[in-house]
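Chemist: Pasting a structure below so you can have a look.
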Amino acid sequence: MSQTLLTSITIFVLAVFLGFELISRVPTLLHTPLMSGTNAIHGIVLVGAMLIAGSADSTLEQVLAFVAVVFATINVVGGFLVTDRMLEMFKRRPEERE
Amino acid sequence: MIFAVSQTTIDVAYLVASVCLILGIKRLSSPATARSGNVVAAVGMGIAVVFTLASPEIGSYWLIAAGVAVGTVVGVASARLVKMTAMPQMVALFNGVGGGAAALIAAAEFHRLTPGAEHVVPESMGAMLFSMLIGSISFSGSVVAFAKLQELLPGRPIVFAGQQVVNGLLFAGLLAAGAVAGVTEAGVWAVVLIAGSLLFGVLLVFPIGGADMPVVISLLNAFTGLAAASTGFVLENTALIIGGTLVGASGTLLTVLMGRAMNRSLANVLFGAFGAAAPSAAGAAAEAEAKSYREITAEDAAVMLAYASRVVIVPGYGLAVAQAQHGVRELADLLERRGVDVKYAIHPVAGRMPGHMNVLLAEANVPYPQLYDMENINPEFPRTDVALVIGANDVTNPAAREDPESPLYGMPILNVDQAANVVVLKRSMSPGFAGIDNDLFYRPNTAMLFGDAKESVEKLIAAVKAA
């Protein structure tokens with residue numbers, strides 16, 4: 001096993017534990033926004049899509065990479081905006097009414 | 001390269017970005033900090049993306065620029081234009097394209113590396129095949145979830161004989177195709193793997209009823225996270241591994257938490273074909289015809305409400321669809337001015353997703369302290385004069401408490417049947433999203449007010465003013 005792979009696996013395992021810990025006490029109220037927010041975060045595949053798109057040399061790779069960039073961008077941009085719209089609804093506190 | 005920085009700088013930027021993503025998720029899990037958490041996560045994402053552009057591996061930018069431009073336009077437009085009620089299916093769609101992107105990245109990388117002079121290292125090959133498998137399942141599964149919620153496909157479970165055997169065989173076939181693709185490095189097998197995974201995603205979500213869709217979307221969300229992490233292994237990119245894994249892990253836990261809120265195990269959601277156990281549609285309709293229910297006019301219902309001392313409003317998806325939340329708040333304000341004590345009972349899965357109803361009512365400026373969750377409102381029902389059920393169905397079905405035969409049995413419900421009077425605003429007697437007949441409608445203390453929720457609420461407002 002290469003050193004790089006071992007480092008990657010270490011990061012992976014730690015991130016698994018962290019992911020579980022982070023949301024262990026989330027109120028039901030926030031399930032939907034949290035799902036939507038983490039949904040935007042896996043849009044990080046955009047980073048991968050850009051790396052592929054920037055180095056694609058055959059036509060097939062370029063087509064695949066282009067669609068991947070489009071998809072990942074929709075995931076990131078749409079995901080964060082929709083989450084923000086949902087959470088905007090929570091910002092008004094009752095005492096602010098009139 | 002747009003701007004020259006070293007790989008070390010990029011790695012440091014990825015570290016900063018990862019910290020932002022972690023803090024973002026942390027803040028998203030508390031109501032007071034949730035909105036800022038989303039912004040922090042978005043900033044982290046921005047850092048990761050901008051520094052990736054400086055990566056020496058990137059030779060040309062036109063493809064990236066074009067893709068980001070198209071994706072931004074589509075993403076902004078759909079996020080801005082979608083109605084609050086259609087939010088769940090929008091999330092499903094955003095999730096699906098993320099999974100699709102992961103599968104496409106793996107496919108492009110597979111094409112680039114094979115057939116090469118040397119064999120692809122096994123771990124890299126394994127990660128590519130995993131991305132293709134999971135990413136494709138997530139993509140097609142999310143599309144089906146979207147179609148069901150958008151009612152392009154029937155919300156009821158779509159089942160056929162031997163479904164689970166077919167799914168099992170297909171999955172075994174996918175593993176075999178993946179193994180062959182990995183050993184032979186032949187593109188045709190990668191195509192077979194992707195096509196088969198897409199089909200598997202469709203078959204996986206077909207038998208799942210509309211009421212369970214949030215849990216499924218959450219599961220597919222976790223899948224996409226894992227697919228993204230896997231592409232991180234292919235590209236040896238830490239930002240991808242961390243971001244993807246965080247979502248994979250937190251998404252899995254969130255799926256379990258959601259299932260628990262509905263008293264359903266994940267296995268039950270995936271393989272239970274919720275709602276299919278109920279009698280056939282024709283049978284249920286015939287049975288509904290046979291039982292008698294009581295209809296009430298808006299005027300009578302208004303008098304009942306106006307002279308009550310305690311009213312509990314039970315909003316459901318029907319309210320959301322009819323956009324009746326503003327009217328409901330007006331009605332509640334009117335009643336309060338007459339000295340009626342008004343509370344809202346929010347079932348954990350009211351609407352189409354946990355927390356969905358809170359968002360809709362907050363949009364209509366309903367005071368937060370008036371919203372009660374299930375544990376706090378259930379003891380109140382026996383002391384309630386009128387329970388006003390607006391477009392809610394399955395979450396009020398007493399069969400969940402009383403009938404061990406019912407597919408709903410064991411699901412925590414709002415005990416509206418214990419109120420002195422129940423007024424149900426509903427379009428017709430058709431069964432709810434889970435496809436199960438609701439015994440509540442035939443109880444002697446229940447009266448039905450038929451019609452579109454918004455119109456009915458407006459009639460009630462007018463009649464309360466006159467009362």
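Labeling convention for the structure tokens: chains A, B, ... as they appear, residues from 1 per chain, ligands from 1 in order of appearance.
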Determine, counting only C-alpha atoms, which protein, DNA and RNA residues have an atom within 8 Å of an atom of stretch 32-42 of chain A; residues of the same chain fewer than 6 positions away are not included. Present the result as a ChimeraX atom specification.
Modeler: /A:75-80,82-83,86-87 /B:21,25,28-29,38,41-42,45,91,94-95,98,218,221,224-225,228,243-244,247,251,254,353-356
Chemist: So that I can see what lies close to stretch 51-67 of chain A, please list as a PyMOL selection string the residues with an atom at most 9 Å from it, counting only C-alpha atoms and leaving out residues fewer than 2 positions away in the same chain.
Modeler: (chain A and resi 46-49+69-72) or (chain B and resi 52-53+55+57-64+66-68+100-101+104-105+107-109+111-112+235)
Chemist: So that I can check the secondary structure, give me every residue of stretch 16-261 of chain B assigned alpha helix (DSSP H) by backbone DSSP, as a ChimeraX atom specification.
Modeler: /B:16-28,34-53,62-81,87-113,122-149,163-184,187-205,213-235,238-261
Chemist: What is the distance, in Å and to one decimal place, between atom CA of B:Ser30 and atom CA of B:Ala364?
Modeler: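 Rounded to one decimal, the two atoms are 21.8 Å apart.
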Chemist: Enumerate the residues of stretch 352-428 of chain B with a DSSP assignment of strand (DSSP E), computed from the backbone, and present them as a PyMOL selection string.
Modeler: chain B and resi 371-373+386-390+421-426
Chemist: Taking 5 positions as the minimum chain separation for residues in the same chain, which residues sit within 12 Å of A:Ile11 when counting only C-alpha atoms? Answer as a ChimeraX atom specification.
Modeler: /A:4-6,16-19 /B:15,18,229,232-233,236-246
Chemist: Could the residues in this selection be saved with C-alpha atoms as a PDB file, in the first residue's frame?
Modeler:
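Once everything was written out, this is out33.pdb:
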ATOM      1  CA  THR A   4      -0.494   8.425  -0.354  1.00  0.00           C
ATOM      2  CA  LEU A   5      -3.229   5.834  -0.178  1.00  0.00           C
ATOM      3  CA  LEU A   6      -2.639   5.285   3.519  1.00  0.00           C
ATOM      4  CA  VAL A  16     -16.416   9.410   8.841  1.00  0.00           C
ATOM      5  CA  PHE A  17     -16.239   9.809  12.614  1.00  0.00           C
ATOM      6  CA  LEU A  18     -16.404  13.578  12.348  1.00  0.00           C
ATOM      7  CA  GLY A  19     -19.446  13.425  10.076  1.00  0.00           C
TER       8      GLY A  19
ATOM      9  CA  LEU B  15      -7.337  22.448   4.471  1.00  0.00           C
ATOM     10  CA  SER B  18     -12.326  21.605   4.734  1.00  0.00           C
ATOM     11  CA  ALA B 229     -15.238  10.867  -1.710  1.00  0.00           C
ATOM     12  CA  GLY B 232     -11.237  11.981  -4.293  1.00  0.00           C
ATOM     13  CA  PHE B 233      -9.353   8.678  -4.054  1.00  0.00           C
ATOM     14  CA  GLU B 236      -5.807  11.948  -4.911  1.00  0.00           C
ATOM     15  CA  ASN B 237      -7.589  15.097  -3.821  1.00  0.00           C
ATOM     16  CA  THR B 238      -8.056  15.681  -0.072  1.00  0.00           C
ATOM     17  CA  ALA B 239     -10.794  18.320  -0.422  1.00  0.00           C
ATOM     18  CA  LEU B 240     -12.941  15.804  -2.300  1.00  0.00           C
ATOM     19  CA  ILE B 241     -12.257  13.025   0.183  1.00  0.00           C
ATOM     20  CA  ILE B 242     -13.089  15.183   3.201  1.00  0.00           C
ATOM     21  CA  GLY B 243     -16.117  16.958   1.709  1.00  0.00           C
ATOM     22  CA  GLY B 244     -17.585  13.775   0.269  1.00  0.00           C
ATOM     23  CA  THR B 245     -16.985  11.670   3.356  1.00  0.00           C
ATOM     24  CA  LEU B 246     -18.471  14.271   5.705  1.00  0.00           C
TER      25      LEU B 246
END
Chemist: Write out as a list in words which residues come within 12 Å of B:Glu330 when counting only C-alpha atoms, dropping same-chain ones fewer than 3 positions away.
Modeler: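 Close residues of B:Glu330: Ala324, Gln325, His326, Gly327, Asp333, Leu334, Leu335, Glu336, Arg337, Val342, Leu361, Ala364, Asn365, Val366, Pro367, Lys454, Val457, Glu458, Lys459, Leu460, Ile461, Ala462, Val464 and Lys465 of chain B.
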Chemist: Using N, CA, C and O atoms, can you export the residues from the last selection as a short mmCIF file (atom, residue, chain, number, x, y, z; two decimals), in the first residue's frame?
Modeler:
data_model
loop_
_atom_site.label_atom_id
_atom_site.label_comp_id
_atom_site.auth_asym_id
_atom_site.auth_seq_id
_atom_site.Cartn_x
_atom_site.Cartn_y
_atom_site.Cartn_z
N ALA B 324 -52.07 27.76 1.45
CA ALA B 324 -53.08 28.31 2.35
C ALA B 324 -52.47 28.82 3.66
O ALA B 324 -53.20 29.24 4.55
N GLN B 325 -51.13 28.80 3.77
CA GLN B 325 -50.54 29.14 5.07
C GLN B 325 -50.83 30.57 5.52
O GLN B 325 -51.02 30.82 6.71
N HIS B 326 -50.91 31.50 4.55
CA HIS B 326 -51.20 32.90 4.93
C HIS B 326 -52.64 33.03 5.43
O HIS B 326 -52.91 33.70 6.42
N GLY B 327 -53.55 32.35 4.72
CA GLY B 327 -54.95 32.36 5.13
C GLY B 327 -55.12 31.76 6.51
O GLY B 327 -55.89 32.25 7.33
N ASP B 333 -55.35 34.45 13.69
CA ASP B 333 -55.34 35.79 14.31
C ASP B 333 -56.76 36.23 14.69
O ASP B 333 -56.99 36.78 15.76
N LEU B 334 -57.70 35.97 13.75
CA LEU B 334 -59.10 36.32 14.00
C LEU B 334 -59.63 35.63 15.25
O LEU B 334 -60.25 36.23 16.12
N LEU B 335 -59.33 34.32 15.32
CA LEU B 335 -59.81 33.54 16.45
C LEU B 335 -59.18 34.04 17.75
O LEU B 335 -59.84 34.14 18.78
N GLU B 336 -57.89 34.34 17.69
CA GLU B 336 -57.21 34.82 18.90
C GLU B 336 -57.81 36.13 19.39
O GLU B 336 -57.94 36.35 20.59
N ARG B 337 -58.17 36.98 18.45
CA ARG B 337 -58.77 38.26 18.83
C ARG B 337 -60.12 38.03 19.54
O ARG B 337 -60.55 38.84 20.33
N VAL B 342 -55.18 29.44 20.28
CA VAL B 342 -54.86 28.71 19.05
C VAL B 342 -53.42 28.18 19.09
O VAL B 342 -52.48 28.92 19.40
N LEU B 361 -44.79 27.66 7.52
CA LEU B 361 -45.53 28.52 8.45
C LEU B 361 -44.70 29.74 8.82
O LEU B 361 -45.24 30.84 8.98
N ALA B 364 -45.21 32.38 6.47
CA ALA B 364 -46.48 33.10 6.64
C ALA B 364 -46.48 33.88 7.96
O ALA B 364 -47.54 34.33 8.41
N ASN B 365 -45.30 34.02 8.60
CA ASN B 365 -45.19 34.81 9.83
C ASN B 365 -45.96 34.24 11.01
O ASN B 365 -46.38 34.99 11.89
N VAL B 366 -46.18 32.95 11.04
CA VAL B 366 -46.83 32.37 12.21
C VAL B 366 -45.83 32.44 13.37
O VAL B 366 -44.68 32.05 13.21
N PRO B 367 -46.27 32.99 14.53
CA PRO B 367 -45.34 33.13 15.64
C PRO B 367 -44.78 31.78 16.06
O PRO B 367 -45.53 30.82 16.26
N LYS B 454 -57.23 26.36 0.43
CA LYS B 454 -57.17 27.83 0.47
C LYS B 454 -58.57 28.42 0.43
O LYS B 454 -58.91 29.31 1.22
N VAL B 457 -60.41 27.78 3.69
CA VAL B 457 -59.92 28.66 4.77
C VAL B 457 -60.49 30.06 4.58
O VAL B 457 -60.90 30.71 5.55
N GLU B 458 -60.53 30.53 3.33
CA GLU B 458 -61.10 31.86 3.08
C GLU B 458 -62.57 31.92 3.48
O GLU B 458 -63.03 32.90 4.06
N LYS B 459 -63.30 30.84 3.17
CA LYS B 459 -64.71 30.79 3.57
C LYS B 459 -64.83 30.83 5.09
O LYS B 459 -65.70 31.52 5.65
N LEU B 460 -63.95 30.10 5.76
CA LEU B 460 -63.97 30.09 7.22
C LEU B 460 -63.69 31.49 7.78
O LEU B 460 -64.34 31.93 8.73
N ILE B 461 -62.71 32.18 7.16
CA ILE B 461 -62.38 33.53 7.64
C ILE B 461 -63.61 34.44 7.54
O ILE B 461 -63.98 35.13 8.50
N ALA B 462 -64.25 34.40 6.37
CA ALA B 462 -65.44 35.24 6.16
C ALA B 462 -66.52 34.89 7.17
O ALA B 462 -67.16 35.78 7.77
N VAL B 464 -66.18 33.41 10.14
CA VAL B 464 -65.82 33.76 11.52
C VAL B 464 -66.05 35.25 11.75
O VAL B 464 -66.52 35.67 12.80
N LYS B 465 -65.72 36.06 10.74
CA LYS B 465 -65.94 37.50 10.85
C LYS B 465 -67.42 37.79 11.08
O LYS B 465 -67.78 38.70 11.83
#
Chemist: Using only C-alpha atoms, can you tell me which of B:Leu93, B:Ala102, B:Val144, B:Ala322 comes closest to A:Ile44?
Modeler: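 Ranking B:Leu93, B:Ala102, B:Val144, B:Ala322 by distance to A:Ile44, first place goes to B:Ala102.
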